[in-house]
>>> print(open('data24.cif').read())   # mmCIF, C-alpha atoms
data_work
loop_
_atom_site.label_atom_id
_atom_site.label_comp_id
_atom_site.auth_asym_id
_atom_site.auth_seq_id
_atom_site.Cartn_x
_atom_site.Cartn_y
_atom_site.Cartn_z
CA MET A 968 -56.19 155.93 2.45
CA ASN A 969 -55.71 152.74 4.43
CA ALA A 970 -53.97 151.10 1.50
CA LEU A 971 -51.63 154.10 1.17
CA ARG A 972 -50.85 153.96 4.88
CA ALA A 973 -50.13 150.23 4.60
CA LEU A 974 -47.87 150.85 1.62
CA LEU A 975 -46.01 153.57 3.48
CA GLY A 976 -45.65 151.21 6.43
CA LEU A 977 -44.18 148.54 4.16
CA VAL A 978 -41.78 151.02 2.56
CA ALA A 979 -40.70 152.33 5.97
CA ALA A 980 -40.22 148.85 7.46
CA LEU A 981 -38.25 147.57 4.47
CA GLY A 982 -36.16 150.74 4.23
CA LEU A 983 -35.40 150.76 7.94
CA GLN A 984 -34.53 147.06 7.95
CA VAL A 985 -32.10 147.49 5.02
CA ALA A 986 -30.58 150.66 6.51
CA LEU A 987 -30.13 149.00 9.90
CA ALA A 988 -28.53 146.00 8.25
CA ARG A 989 -25.95 148.35 6.69
CA ILE A 990 -25.18 149.91 10.06
CA TRP A 991 -25.34 146.70 12.08
CA PRO A 992 -25.26 143.60 9.84
CA ASP A 993 -26.67 141.34 12.57
CA THR A 994 -29.97 143.24 12.82
CA GLY A 995 -31.80 140.63 10.73
CA ARG A 996 -30.92 137.89 13.21
CA PHE A 997 -32.71 139.63 16.04
CA VAL A 998 -35.66 141.47 14.57
CA SER A 999 -37.75 141.64 11.42
CA LEU A 1000 -39.49 144.98 11.11
CA LEU A 1001 -41.73 143.60 8.35
CA LEU A 1002 -42.97 140.96 10.78
CA VAL A 1003 -43.53 143.67 13.41
CA LEU A 1004 -45.71 145.41 10.83
CA VAL A 1005 -47.74 142.21 10.31
CA VAL A 1006 -48.22 141.95 14.10
CA THR A 1007 -49.27 145.61 14.28
CA TYR A 1008 -51.87 145.12 11.57
CA GLY A 1009 -52.98 141.81 13.06
CA VAL A 1010 -53.81 143.33 16.45
CA SER A 1011 -55.10 146.73 15.38
CA GLY A 1012 -56.54 146.40 11.87
CA SER A 1013 -59.13 144.15 10.30
CA GLN A 1014 -58.49 140.49 9.63
CA ARG A 1015 -58.41 141.14 5.90
CA SER A 1016 -55.82 143.88 6.19
CA ALA A 1017 -53.73 141.55 8.35
CA ILE A 1018 -53.93 138.87 5.65
CA PHE A 1019 -52.86 141.25 2.89
CA MET A 1020 -50.18 142.83 5.02
CA GLY A 1021 -48.81 139.36 5.88
CA CYS A 1022 -48.78 138.44 2.20
CA LEU A 1023 -47.05 141.60 0.97
CA ALA A 1024 -44.59 141.87 3.85
CA GLY A 1025 -43.73 138.17 3.47
CA LEU A 1026 -43.13 138.50 -0.25
CA LEU A 1027 -40.92 141.57 0.28
CA ASN A 1028 -39.05 139.62 2.92
CA ASP A 1029 -38.60 136.78 0.42
CA VAL A 1030 -37.32 139.13 -2.25
CA TRP A 1031 -34.85 141.10 -0.16
CA LEU A 1032 -34.16 139.52 3.18
CA GLN A 1033 -34.06 135.74 2.83
CA ALA A 1034 -32.43 133.37 0.41
CA GLY A 1035 -34.83 130.40 0.50
CA ALA A 1036 -37.74 129.55 -1.76
CA PHE A 1037 -39.63 132.60 -3.01
CA GLY A 1038 -43.06 132.76 -1.36
CA ILE A 1039 -42.18 130.93 1.83
CA SER A 1040 -42.36 134.00 4.09
CA GLY A 1041 -45.38 135.21 2.13
CA PHE A 1042 -47.14 131.94 2.86
CA LYS A 1043 -46.17 131.88 6.55
CA TRP A 1044 -47.00 135.48 7.26
CA THR A 1045 -50.31 135.40 5.36
CA LEU A 1046 -51.33 132.52 7.55
CA LEU A 1047 -50.04 134.21 10.69
CA GLY A 1048 -51.82 137.46 9.77
CA TRP A 1049 -55.06 135.59 9.36
CA LEU A 1050 -54.56 133.71 12.64
CA LEU A 1051 -53.72 136.90 14.50
CA GLY A 1052 -56.75 138.63 13.03
CA SER A 1053 -58.97 135.72 14.10
CA VAL A 1054 -57.61 135.72 17.64
CA ASN A 1055 -57.92 139.51 17.81
CA MET A 1056 -61.58 139.26 16.83
CA ARG A 1057 -62.24 136.94 19.77
CA LEU A 1058 -59.84 138.32 22.38
CA ASP A 1059 -59.07 142.02 22.14
CA LEU A 1060 -55.29 142.23 21.70
CA GLY A 1061 -55.24 146.02 21.23
CA HIS A 1062 -53.39 146.72 24.48
CA THR A 1063 -49.73 146.58 25.43
CA PRO A 1064 -49.62 143.03 26.91
CA GLY A 1065 -51.78 141.76 24.05
CA ARG A 1066 -49.51 143.30 21.44
CA PHE A 1067 -46.40 142.00 23.18
CA GLY A 1068 -47.87 138.49 23.44
CA ALA A 1069 -48.94 138.61 19.81
CA GLY A 1070 -45.38 139.59 18.78
CA VAL A 1071 -43.88 136.72 20.76
CA ALA A 1072 -46.44 134.22 19.45
CA VAL A 1073 -45.95 135.28 15.83
CA VAL A 1074 -42.17 134.84 16.00
CA LEU A 1075 -42.55 131.40 17.57
CA GLY A 1076 -45.24 130.48 15.04
CA ASP A 1077 -43.03 131.69 12.21
CA SER A 1078 -40.23 129.47 13.46
CA VAL A 1079 -42.47 126.41 13.67
CA LEU A 1080 -43.97 127.06 10.22
CA ASN A 1081 -40.53 127.57 8.79
CA GLY A 1082 -39.46 124.13 9.95
CA VAL A 1083 -42.62 122.49 8.63
CA LEU A 1084 -42.42 124.16 5.21
CA ALA A 1085 -38.73 123.47 4.85
CA ARG A 1086 -39.42 119.80 5.48
CA LEU A 1087 -42.33 119.76 3.04
CA LEU A 1088 -40.34 121.45 0.33
CA ASP A 1089 -37.22 119.47 1.15
CA GLN A 1090 -35.31 122.70 1.80
CA PRO A 1091 -32.39 123.08 4.21
CA ASN A 1092 -33.46 124.57 7.51
CA GLU A 1093 -31.12 125.52 10.26
CA PRO A 1094 -33.24 126.14 13.36
CA ARG A 1095 -32.44 129.31 15.30
CA GLY A 1096 -30.91 128.87 18.73
CA ILE A 1097 -33.37 129.07 21.59
CA TRP A 1098 -31.86 132.26 23.01
CA ILE A 1099 -31.82 133.97 19.64
CA LEU A 1100 -35.41 132.92 19.11
CA LEU A 1101 -36.47 134.21 22.53
CA LEU A 1102 -34.61 137.46 21.97
CA GLN A 1103 -36.21 137.87 18.56
CA ALA A 1104 -39.65 137.11 20.01
CA SER A 1105 -39.18 139.58 22.86
CA LEU A 1106 -37.90 142.32 20.56
CA THR A 1107 -40.74 141.79 18.13
CA GLY A 1108 -43.29 141.87 20.97
CA LEU A 1109 -41.69 144.97 22.44
CA LEU A 1110 -41.62 146.81 19.14
CA ALA A 1111 -45.21 145.79 18.36
CA ALA A 1112 -46.32 147.09 21.76
CA MET A 1113 -44.40 150.35 21.29
CA ILE A 1114 -45.69 150.98 17.78
CA GLY A 1115 -49.23 150.07 18.85
CA SER A 1116 -49.20 152.54 21.72
CA MET A 1117 -47.73 155.22 19.44
CA VAL A 1118 -50.53 154.62 16.95
CA ASP A 1119 -53.04 154.76 19.81
CA ARG A 1120 -51.62 158.05 21.04
CA SER A 1121 -51.77 159.56 17.56
CA LYS A 1122 -55.41 158.53 17.29
CA ALA A 1123 -56.24 159.64 20.83
CA THR A 1124 -59.22 161.81 20.05
CA GLY A 1125 -61.59 159.61 21.98
CA PRO A 1126 -61.86 156.16 23.54
CA ARG A 1127 -60.69 153.25 21.43
CA VAL A 1128 -63.45 151.40 19.60
CA GLY A 1129 -64.73 148.64 21.84
CA ALA A 1130 -62.83 149.91 24.86
CA PRO A 1131 -64.61 150.75 28.13
CA GLY A 1132 -66.29 154.13 27.79
CA TRP A 1133 -66.94 153.77 24.11
CA ARG A 1134 -70.54 154.15 23.05
CA SER A 1135 -71.97 153.20 19.77
CA ALA A 1136 -73.75 155.97 17.86
CA GLY A 1137 -76.75 153.69 17.61
CA MET B 568 -74.74 138.04 9.28
CA SER B 569 -72.36 140.56 7.73
CA ALA B 570 -69.51 139.46 10.00
CA LYS B 571 -70.07 135.89 8.94
CA ARG B 572 -69.92 136.92 5.30
CA THR B 573 -66.79 138.91 5.87
CA GLY B 574 -65.27 135.91 7.63
CA ARG B 575 -66.15 133.70 4.71
CA GLN B 576 -64.71 136.19 2.25
CA ASN B 577 -61.54 136.43 4.31
CA MET B 578 -61.27 132.68 4.30
CA ILE B 579 -61.59 132.61 0.53
CA ILE B 580 -58.94 135.32 0.20
CA LEU B 581 -56.69 133.40 2.56
CA VAL B 582 -57.08 130.16 0.68
CA VAL B 583 -56.44 131.84 -2.66
CA LEU B 584 -53.37 133.65 -1.39
CA LEU B 585 -51.98 130.58 0.33
CA ALA B 586 -52.57 128.45 -2.73
CA ALA B 587 -50.91 131.05 -4.93
CA GLN B 588 -47.93 131.24 -2.65
CA LEU B 589 -47.69 127.51 -2.34
CA PHE B 590 -47.63 127.44 -6.11
CA LEU B 591 -44.93 130.15 -6.07
CA MET B 592 -42.88 128.24 -3.53
CA SER B 593 -42.95 124.99 -5.42
CA GLY B 594 -42.23 126.90 -8.64
CA SER B 595 -39.31 128.61 -7.01
CA VAL B 596 -37.94 125.31 -5.73
CA ARG B 597 -38.31 123.72 -9.16
CA GLY B 598 -36.84 126.82 -10.85
CA ALA B 599 -40.02 127.69 -12.74
CA LYS B 600 -39.99 130.82 -14.88
CA GLY B 601 -43.17 132.35 -13.48
CA ALA B 602 -41.98 132.47 -9.89
CA ALA B 603 -38.67 134.00 -10.90
CA THR B 604 -40.41 136.62 -13.06
CA LEU B 605 -42.69 137.61 -10.21
CA GLU B 606 -39.75 137.79 -7.82
CA ARG B 607 -37.79 139.96 -10.27
CA THR B 608 -40.78 142.23 -10.81
CA LEU B 609 -41.30 142.70 -7.09
CA MET B 610 -37.61 143.34 -6.72
CA ARG B 611 -37.61 145.96 -9.48
CA VAL B 612 -40.64 147.73 -8.01
CA SER B 613 -39.23 147.90 -4.51
CA SER B 614 -35.59 148.50 -5.45
CA PRO B 615 -35.75 152.33 -5.12
CA VAL B 616 -36.68 151.91 -1.47
CA VAL B 617 -33.80 149.52 -0.91
CA SER B 618 -31.34 151.75 -2.82
CA LEU B 619 -32.30 154.78 -0.73
CA ALA B 620 -32.14 152.77 2.50
CA GLU B 621 -28.75 151.36 1.51
CA LEU B 622 -27.49 154.86 0.81
CA VAL B 623 -28.77 156.24 4.11
CA GLY B 624 -27.68 153.19 6.10
CA GLY B 625 -24.32 153.09 4.35
CA THR B 626 -23.71 156.77 5.07
CA ILE B 627 -24.69 156.46 8.72
CA GLY B 628 -22.80 153.18 9.10
CA GLY B 629 -19.73 154.62 7.36
CA THR B 630 -19.78 157.71 9.53
CA GLY B 631 -20.18 155.57 12.63
CA ARG B 632 -17.30 153.33 11.58
CA THR B 633 -15.12 156.35 10.82
CA LEU B 634 -15.94 157.86 14.20
CA ARG B 635 -15.24 154.57 15.94
CA GLU B 636 -11.93 154.23 14.10
CA LEU B 637 -11.08 157.82 15.01
CA LEU B 638 -11.78 157.13 18.66
CA VAL B 639 -9.73 153.95 18.56
CA ALA B 640 -6.92 155.79 16.77
CA ARG B 641 -7.04 158.59 19.34
CA ALA B 642 -6.87 156.15 22.23
CA ARG B 643 -4.01 154.28 20.55
CA ASN B 644 -2.28 157.57 19.86
CA GLN B 645 -2.50 158.50 23.53
CA VAL B 646 -1.02 155.17 24.53
CA LEU B 647 1.78 155.55 21.99
CA GLU B 648 2.45 159.13 23.02
CA THR B 649 2.77 158.03 26.64
CA ARG B 650 5.11 155.24 25.58
CA VAL B 651 7.18 157.62 23.44
CA ARG B 652 7.41 160.10 26.32
CA ARG B 653 8.52 157.36 28.68
CA MET B 654 11.04 155.99 26.20
CA THR B 655 12.35 159.45 25.41
CA GLY B 656 12.90 159.98 29.12
CA GLU B 657 14.66 156.63 29.39
CA LEU B 658 16.76 157.41 26.33
CA ARG B 659 17.75 160.76 27.81
CA TYR B 660 18.68 159.03 31.04
CA TYR B 661 20.75 156.38 29.25
CA ARG B 662 22.46 158.99 27.08
CA GLU B 663 23.31 160.98 30.17
CA ALA B 664 24.60 157.83 31.88
CA GLU B 665 26.61 156.98 28.79
CA ARG B 666 28.16 160.48 28.73
CA GLU B 667 28.94 160.25 32.41
CA ASN B 668 30.45 156.84 31.87
CA ARG B 669 32.66 158.18 29.08
CA ARG B 670 33.78 161.12 31.19
CA LEU B 671 34.60 158.94 34.15
CA ARG B 672 36.48 156.46 31.96
CA ARG B 673 38.62 159.30 30.63
CA MET B 674 39.18 160.55 34.14
CA LEU B 675 40.32 157.09 35.12
CA GLU B 676 42.60 156.92 32.10
CA MET B 677 44.02 160.32 32.97
CA GLN B 678 44.43 159.28 36.57
CA GLU B 679 46.28 156.11 35.61
CA THR B 680 48.53 157.92 33.11
CA LEU B 681 49.39 161.14 34.92
CA ALA B 682 48.49 161.03 38.55
CA PRO B 683 48.04 157.62 40.09
CA ARG B 684 47.40 159.27 43.45
CA SER B 685 44.45 161.42 42.61
CA ILE B 686 40.72 161.44 43.24
CA VAL B 687 37.70 162.26 41.13
CA ALA B 688 35.40 164.98 42.44
CA SER B 689 32.10 166.32 41.19
CA VAL B 690 31.55 170.01 40.68
CA VAL B 691 28.80 171.24 43.00
CA ILE B 692 29.09 175.01 42.49
CA SER B 693 30.47 176.68 39.41
CA SER B 694 31.29 180.36 39.03
CA THR B 695 33.17 180.72 35.79
CA ARG B 696 32.24 184.30 34.88
CA GLY B 697 32.65 187.53 36.74
CA PRO B 698 35.63 188.86 38.63
CA SER B 699 36.27 185.70 40.68
CA ARG B 700 36.32 182.41 38.80
CA MET B 701 36.18 179.27 40.83
CA ILE B 702 34.37 175.97 41.38
CA VAL B 703 33.46 174.06 44.51
CA VAL B 704 33.92 170.29 44.45
CA ASP B 705 32.52 167.57 46.73
CA ARG B 706 35.85 166.32 48.06
CA GLY B 707 37.74 167.84 50.97
CA THR B 708 40.37 167.13 53.57
CA ARG B 709 38.67 163.86 54.52
CA ALA B 710 39.59 162.58 51.06
CA GLY B 711 43.13 163.90 51.31
CA VAL B 712 42.61 167.22 49.55
CA HIS B 713 44.58 170.22 50.73
CA LYS B 714 45.54 173.67 49.55
CA ASP B 715 47.55 174.16 46.33
CA GLN B 716 46.86 170.73 44.91
CA PRO B 717 46.42 170.87 41.12
CA VAL B 718 43.05 170.12 39.60
CA MET B 719 42.68 168.75 36.08
CA ALA B 720 39.96 167.62 33.74
CA TRP B 721 39.93 165.65 30.53
CA GLY B 722 41.78 167.85 28.07
CA GLY B 723 43.44 170.32 30.31
CA THR B 724 44.28 172.16 33.46
CA VAL B 725 41.43 173.37 35.64
CA GLY B 726 43.23 175.25 38.43
CA ARG B 727 44.40 174.67 41.98
CA VAL B 728 42.78 174.12 45.36
CA VAL B 729 42.64 177.34 47.37
CA THR B 730 40.52 176.21 50.30
CA ALA B 731 39.83 172.71 51.56
CA GLU B 732 37.16 171.90 54.12
CA SER B 733 36.37 168.41 55.38
CA ALA B 734 33.89 167.58 52.62
CA TYR B 735 34.28 170.38 50.08
CA SER B 736 37.09 172.24 48.39
CA LYS B 737 37.25 175.49 46.50
CA VAL B 738 39.26 175.47 43.30
CA LEU B 739 40.57 178.68 41.73
CA LEU B 740 40.23 178.36 37.96
CA LEU B 741 43.09 179.04 35.60
CA THR B 742 41.03 181.79 34.00
CA ASP B 743 40.83 183.79 37.23
CA PRO B 744 42.98 186.94 36.88
CA SER B 745 44.84 186.10 40.10
CA SER B 746 45.95 182.61 39.04
CA GLY B 747 49.07 181.63 37.15
CA VAL B 748 50.81 178.51 35.92
CA ALA B 749 54.17 177.83 34.27
CA GLY B 750 53.53 177.10 30.59
CA LEU B 751 55.41 175.73 27.62
CA LEU B 752 54.78 176.14 23.90
CA GLN B 753 54.57 172.57 22.75
CA HIS B 754 56.01 173.27 19.29
CA SER B 755 58.88 175.71 20.03
CA ARG B 756 59.46 174.64 23.67
CA ALA B 757 59.55 178.36 24.67
CA GLN B 758 58.44 178.94 28.24
CA GLY B 759 56.37 181.60 30.00
CA ILE B 760 53.77 182.14 32.70
CA VAL B 761 50.08 181.73 31.90
CA PHE B 762 47.69 184.10 33.71
CA GLY B 763 43.97 184.51 33.78
CA THR B 764 42.54 187.73 32.34
CA GLU B 765 39.52 189.94 32.82
CA GLY B 766 38.06 188.38 29.67
CA PRO B 767 37.31 184.74 28.93
CA GLY B 768 40.78 183.92 27.59
CA LEU B 769 44.26 183.39 29.04
CA GLU B 770 47.49 185.30 28.60
CA MET B 771 51.02 183.84 28.43
CA ARG B 772 53.59 186.40 29.42
CA PHE B 773 57.38 186.56 29.51
CA VAL B 774 57.88 184.47 26.39
CA PRO B 775 61.36 185.19 24.95
CA ARG B 776 61.30 187.71 22.05
CA PHE B 777 62.86 185.45 19.41
CA SER B 778 60.85 182.38 20.17
CA ASN B 779 59.02 180.98 17.19
CA VAL B 780 55.32 181.29 17.99
CA SER B 781 52.47 180.67 15.54
CA HIS B 782 48.71 180.94 15.71
CA GLY B 783 47.12 177.70 16.90
CA ASP B 784 50.24 176.51 18.74
CA ARG B 785 49.38 174.50 21.81
CA VAL B 786 50.50 175.56 25.29
CA VAL B 787 50.90 172.91 27.99
CA THR B 788 52.03 172.99 31.60
CA SER B 789 55.82 172.92 31.95
CA GLY B 790 55.82 171.32 35.42
CA LEU B 791 58.50 173.76 36.56
CA ALA B 792 56.62 175.28 39.48
CA GLY B 793 56.14 171.80 40.88
CA ILE B 794 52.44 172.13 41.26
CA PHE B 795 51.09 170.76 37.97
CA PRO B 796 52.40 167.68 36.22
CA ARG B 797 54.12 168.43 32.92
CA GLY B 798 52.30 168.27 29.59
CA ILE B 799 48.75 169.08 30.57
CA GLY B 800 46.88 171.23 28.06
CA VAL B 801 46.36 174.90 28.86
CA GLY B 802 45.28 176.62 25.66
CA ARG B 803 45.97 177.54 22.02
CA VAL B 804 47.60 180.67 20.66
CA THR B 805 45.15 183.17 19.22
CA SER B 806 47.31 186.34 19.02
CA ILE B 807 50.88 187.47 19.71
CA ARG B 808 52.13 190.93 20.65
CA GLN B 809 55.45 192.43 21.77
CA ALA B 810 55.52 193.57 25.40
CA ALA B 811 57.31 196.74 26.64
CA ASP B 812 59.96 194.70 28.40
CA GLY B 813 61.05 193.09 25.12
CA THR B 814 59.31 189.75 25.68
CA GLN B 815 56.25 188.43 23.85
CA THR B 816 52.76 188.28 25.31
CA ILE B 817 50.56 185.62 23.80
CA GLU B 818 46.79 185.44 24.07
CA LEU B 819 45.40 181.95 24.46
CA GLU B 820 42.05 180.33 24.04
CA PRO B 821 41.59 177.88 26.95
CA GLU B 822 41.47 174.22 26.05
CA LEU B 823 38.69 173.57 28.53
CA ASP B 824 35.17 174.89 28.58
CA TYR B 825 35.15 175.77 32.26
CA GLY B 826 31.42 176.41 32.27
CA SER B 827 30.59 172.78 31.45
CA LEU B 828 32.86 171.02 33.92
CA GLU B 829 31.10 168.23 35.79
CA GLU B 830 33.89 166.07 37.17
CA VAL B 831 37.47 166.99 37.88
CA LEU B 832 40.56 165.14 39.00
CA ILE B 833 42.35 166.43 42.10
CA VAL B 834 45.97 165.36 42.00
CA LEU B 835 47.01 164.33 45.50
CA GLU B 836 50.56 163.50 44.50
CA THR B 837 52.18 164.32 41.18
CA ALA B 838 54.05 161.71 39.22
CA GLU B 839 55.97 162.08 36.02
CA GLY B 840 53.94 160.25 33.43
CA GLY B 841 53.43 160.41 29.71
CA PRO B 842 51.75 163.38 28.08
CA LEU B 843 48.03 163.79 28.62
CA PRO B 844 46.15 162.64 25.54
CA HIS B 845 44.59 165.56 23.74
CA PRO B 846 40.82 165.54 23.34
CA ALA B 847 41.04 166.58 19.71
CA THR B 848 42.81 163.35 18.88
CA GLU B 849 40.96 161.09 21.33
CA GLY B 850 37.44 162.42 20.83
CA SER B 851 35.78 165.18 22.75
CA ASN B 852 33.56 164.81 25.82
#
>>> encode(input="data24.cif", output="structure tokens")
Amino acid sequence: MNALRALLGLVAALGLQVALARIWPDTGRFVSLLLVLVVTYGVSGSQRSAIFMGCLAGLLNDVWLQAGAFGISGFKWTLLGWLLGSVNMRLDLGHTPGRFGAGVAVVLGDSVLNGVLARLLDQPNEPRGIWILLLQASLTGLLAAMIGSMVDRSKATGPRVGAPGWRSAG
Amino acid sequence: MSAKRTGRQNMIILVVLLAAQLFLMSGSVRGAKGAATLERTLMRVSSPVVSLAELVGGTIGGTGRTLRELLVARARNQVLETRVRRMTGELRYYREAERENRRLRRMLEMQETLAPRSIVASVVISSTRGPSRMIVVDRGTRAGVHKDQPVMAWGGTVGRVVTAESAYSKVLLLTDPSSGVAGLLQHSRAQGIVFGTEGPGLEMRFVPRFSNVSHGDRVVTSGLAGIFPRGIGVGRVTSIRQAADGTQTIELEPELDYGSLEEVLIVLETAEGGPLPHPATEGSN
């Protein structure tokens, strides 16, 4: 069930990104919905699901939305998914500021990793302008926070696991 | 204990995935077959999603673009319509000015040829139908106008001044039943008196019985009464009949359209000049 939901999420993010690019060709410069999905899984799912989501979303991004070496986004986002999952295990990021911060951090991390990998693989890398990067980070954080709260609301049958008021059955 | 194991498992998964992708990356950079095959496979699997998204996005984008273009076209259309309206107004104004200019030039020409001592007046009131046919012009005694002075327009005789005030004068039209002018058939030189009628036309009476008169012959002023200069157009013959007194009575179609007079020439002092050019040969106003 979780795998199906993840697959649907991937399909929706890819479809929406492609459709938006047809309506407004500059969409890809400012936001990556696949990366937003990785952030969402990183702060609300398990670490393993974040790793797999990062891997699949990155590979889809490599196939359809970037022209560099195949696997580069897969590599970056797998690593970022794992990192996000690790941080989420220690500090609970399942709230709006946490999700926003995670979105911002992931975009900045992606940019840094992109530069490092491009240098390692001797690939051309044109760094994004600082304002574009900040805008992309903010948008990603905002979208991650919005999607997270929507998911929370849809699940709102009781207090969130680990949140104040939650009691273990044991 | 379980969390630790899960963490270790996750680490193994991470390392495996990263290694695999590092391998993919380097393969892709080197142009290895395996990386390209995997990329193509992934592309083939996910292509229906992309095709559908492209279709939806393209439709929405196309509709948006069409709407935007429509809005732009509508705004541009409004601007152009406004410009066309303004230019049409200007064109109408210039055409009117050009017509006025032509009329005044002809008046000037007529003034120079026939009546050097004359003034141009604009028609302010026009009553060309009904029992009394007259016009009121914007020149009066202050400009030297007085009773019985002849009034002309380009192409023919208008009438004579019947009342002159300081700034305005009333002119009795030739078509008024009470007016009359000495006329001359231009072709046969036969003479008569031209009167206004109850209808729109004119009537030339007392034309000698054996005078040679034909349809379409032109009648001009003879200048005998001393009011009008000689040779100014009056009308054209439309029908001829024998009167009881043995003379001929000729019906005429006036040369002027009295209803569309805008400027007239009031002759202050007659002078014997050349014949008035006929509008049919010089171009109509």
>>> closest_atom_pairs(input="data24.cif", of="chain B", to="chain A", cutoff="9 Å", atoms="all atoms listed in the file", output="tab-separated table")
residue	atom	partner	partner_atom	distance
B:Thr573	CA	A:Arg1015	CA	8.7
B:Gly574	CA	A:Gln1014	CA	8.4
B:Gln576	CA	A:Arg1015	CA	8.8
B:Asn577	CA	A:Arg1015	CA	5.9
B:Met578	CA	A:Trp1049	CA	8.5
B:Ile580	CA	A:Arg1015	CA	8.2
B:Leu581	CA	A:Ile1018	CA	6.9
B:Leu584	CA	A:Cys1022	CA	7.5
B:Leu585	CA	A:Phe1042	CA	5.6
B:Ala586	CA	A:Phe1042	CA	8.5
B:Ala587	CA	A:Phe1042	CA	8.7
B:Gln588	CA	A:Gly1038	CA	5.3
B:Leu589	CA	A:Phe1042	CA	6.9
B:Phe590	CA	A:Gly1038	CA	8.5
B:Leu591	CA	A:Gly1038	CA	5.7
B:Met592	CA	A:Gly1038	CA	5.0
B:Ser593	CA	A:Leu1088	CA	7.2
B:Gly594	CA	A:Phe1037	CA	8.4
B:Ser595	CA	A:Ala1036	CA	5.6
B:Val596	CA	A:Ala1036	CA	5.8
B:Ala602	CA	A:Phe1037	CA	7.3
B:Ala603	CA	A:Phe1037	CA	8.1
B:Glu606	CA	A:Val1030	CA	6.2
B:Arg607	CA	A:Val1030	CA	8.1
B:Leu609	CA	A:Val1030	CA	7.2
B:Met610	CA	A:Val1030	CA	6.1
B:Ser613	CA	A:Leu1027	CA	8.1
B:Val616	CA	A:Gly982	CA	5.8
B:Val617	CA	A:Gly982	CA	5.8
B:Ser618	CA	A:Gly982	CA	8.6
B:Leu619	CA	A:Gly982	CA	7.5
B:Ala620	CA	A:Ala986	CA	4.8
B:Glu621	CA	A:Ala986	CA	5.4
B:Leu622	CA	A:Ala986	CA	7.7
B:Val623	CA	A:Ala986	CA	6.3
B:Gly624	CA	A:Ala986	CA	3.9
B:Gly625	CA	A:Arg989	CA	5.5
B:Thr626	CA	A:Ile990	CA	8.6
B:Ile627	CA	A:Ile990	CA	6.7
B:Gly628	CA	A:Ile990	CA	4.2
B:Gly629	CA	A:Ile990	CA	7.7
B:Gly631	CA	A:Ile990	CA	8.0
B:Arg632	CA	A:Ile990	CA	8.7
>>> atom_distance(input="data24.cif", atom1="CA of Ala1017 in chain A", atom2="CA of Leu1051 in chain A")
7.7 Å
>>> atom_distance(input="data24.cif", atom1="CA of Phe762 in chain B", atom2="CA of Arg673 in chain B")
26.6 Å
>>> atom_distance(input="data24.cif", atom1="CA of Leu751 in chain B", atom2="CA of Arg785 in chain B")
8.5 Å
>>> resolve_selection(input="data24.cif", expression="the PyMOL selection byres ((chain B and resi 787) around 9)", output="MDAnalysis selection string")
chainID B and resid 723:724 749:753 785:786 788:789 797:802
>>> residues_near_point(input="data24.cif", point="(-45.0, 145.3, 11.6)", cutoff="9 Å", atoms="all atoms listed in the file", output="number ranges by chain")
A: 976-977, 980, 999-1009, 1020, 1024, 1107, 1110-1111, 1114
>>> resolve_selection(input="data24.cif", expression="the PyMOL selection byres ((chain A and resi 1070-1075) around 8)", output="list in words")
Val1003, Val1006, Leu1047, Arg1066, Phe1067, Gly1068, Ala1069, Gly1076, Asp1077, Ser1078, Val1079, Leu1100, Gln1103, Ala1104, Ser1105, Thr1107, Gly1108, Leu1109 and Ala1111 of chain A
>>> residues_near_point(input="data24.cif", point="(43.1, 178.7, 25.0)", cutoff="6 Å", atoms="only C-alpha atoms", output="MDAnalysis selection string")
chainID B and resid 802:803 819:822
>>> resolve_selection(input="data24.cif", expression="the PyMOL selection byres ((chain A and resi 1062) around 9)", output="ChimeraX atom specification")
/A:1010,1059-1061,1063-1067,1112,1115-1116
>>> write_last_selection(input="data24.cif", atoms="C-alpha atoms", output="PDB file, in the coordinates of the input")
ATOM      1  CA  VAL A1010     -53.810 143.330  16.450  1.00  0.00           C
ATOM      2  CA  ASP A1059     -59.070 142.020  22.140  1.00  0.00           C
ATOM      3  CA  LEU A1060     -55.290 142.230  21.700  1.00  0.00           C
ATOM      4  CA  GLY A1061     -55.240 146.020  21.230  1.00  0.00           C
ATOM      5  CA  THR A1063     -49.730 146.580  25.430  1.00  0.00           C
ATOM      6  CA  PRO A1064     -49.620 143.030  26.910  1.00  0.00           C
ATOM      7  CA  GLY A1065     -51.780 141.760  24.050  1.00  0.00           C
ATOM      8  CA  ARG A1066     -49.510 143.300  21.440  1.00  0.00           C
ATOM      9  CA  PHE A1067     -46.400 142.000  23.180  1.00  0.00           C
ATOM     10  CA  ALA A1112     -46.320 147.090  21.760  1.00  0.00           C
ATOM     11  CA  GLY A1115     -49.230 150.070  18.850  1.00  0.00           C
ATOM     12  CA  SER A1116     -49.200 152.540  21.720  1.00  0.00           C
TER      13      SER A1116
END
>>> axis_aligned_box(input="data24.cif", around="range 1050-1059 of chain A", padding_each_side="5 Å", output="AutoDock Vina command-line options")
--center_x -58.0 --center_y 137.9 --center_z 17.5 --size_x 18.5 --size_y 18.3 --size_z 19.7
>>> residues_around(input="data24.cif", residues="Ser827 in chain B", least_positions_apart="6", cutoff="12 Å", atoms="all atoms listed in the file", output="mmCIF file with C-alpha atoms, keeping the file's coordinate frame")
data_model
loop_
_atom_site.group_PDB
_atom_site.id
_atom_site.type_symbol
_atom_site.label_atom_id
_atom_site.label_comp_id
_atom_site.auth_asym_id
_atom_site.auth_seq_id
_atom_site.Cartn_x
_atom_site.Cartn_y
_atom_site.Cartn_z
ATOM 1 C CA SER B 689 32.100 166.320 41.190
ATOM 2 C CA VAL B 690 31.550 170.010 40.680
ATOM 3 C CA VAL B 691 28.800 171.240 43.000
ATOM 4 C CA ILE B 692 29.090 175.010 42.490
ATOM 5 C CA SER B 693 30.470 176.680 39.410
ATOM 6 C CA SER B 694 31.290 180.360 39.030
ATOM 7 C CA THR B 695 33.170 180.720 35.790
ATOM 8 C CA ILE B 702 34.370 175.970 41.380
ATOM 9 C CA ALA B 720 39.960 167.620 33.740
ATOM 10 C CA TRP B 721 39.930 165.650 30.530
ATOM 11 C CA VAL B 725 41.430 173.370 35.640
ATOM 12 C CA ASN B 852 33.560 164.810 25.820
#
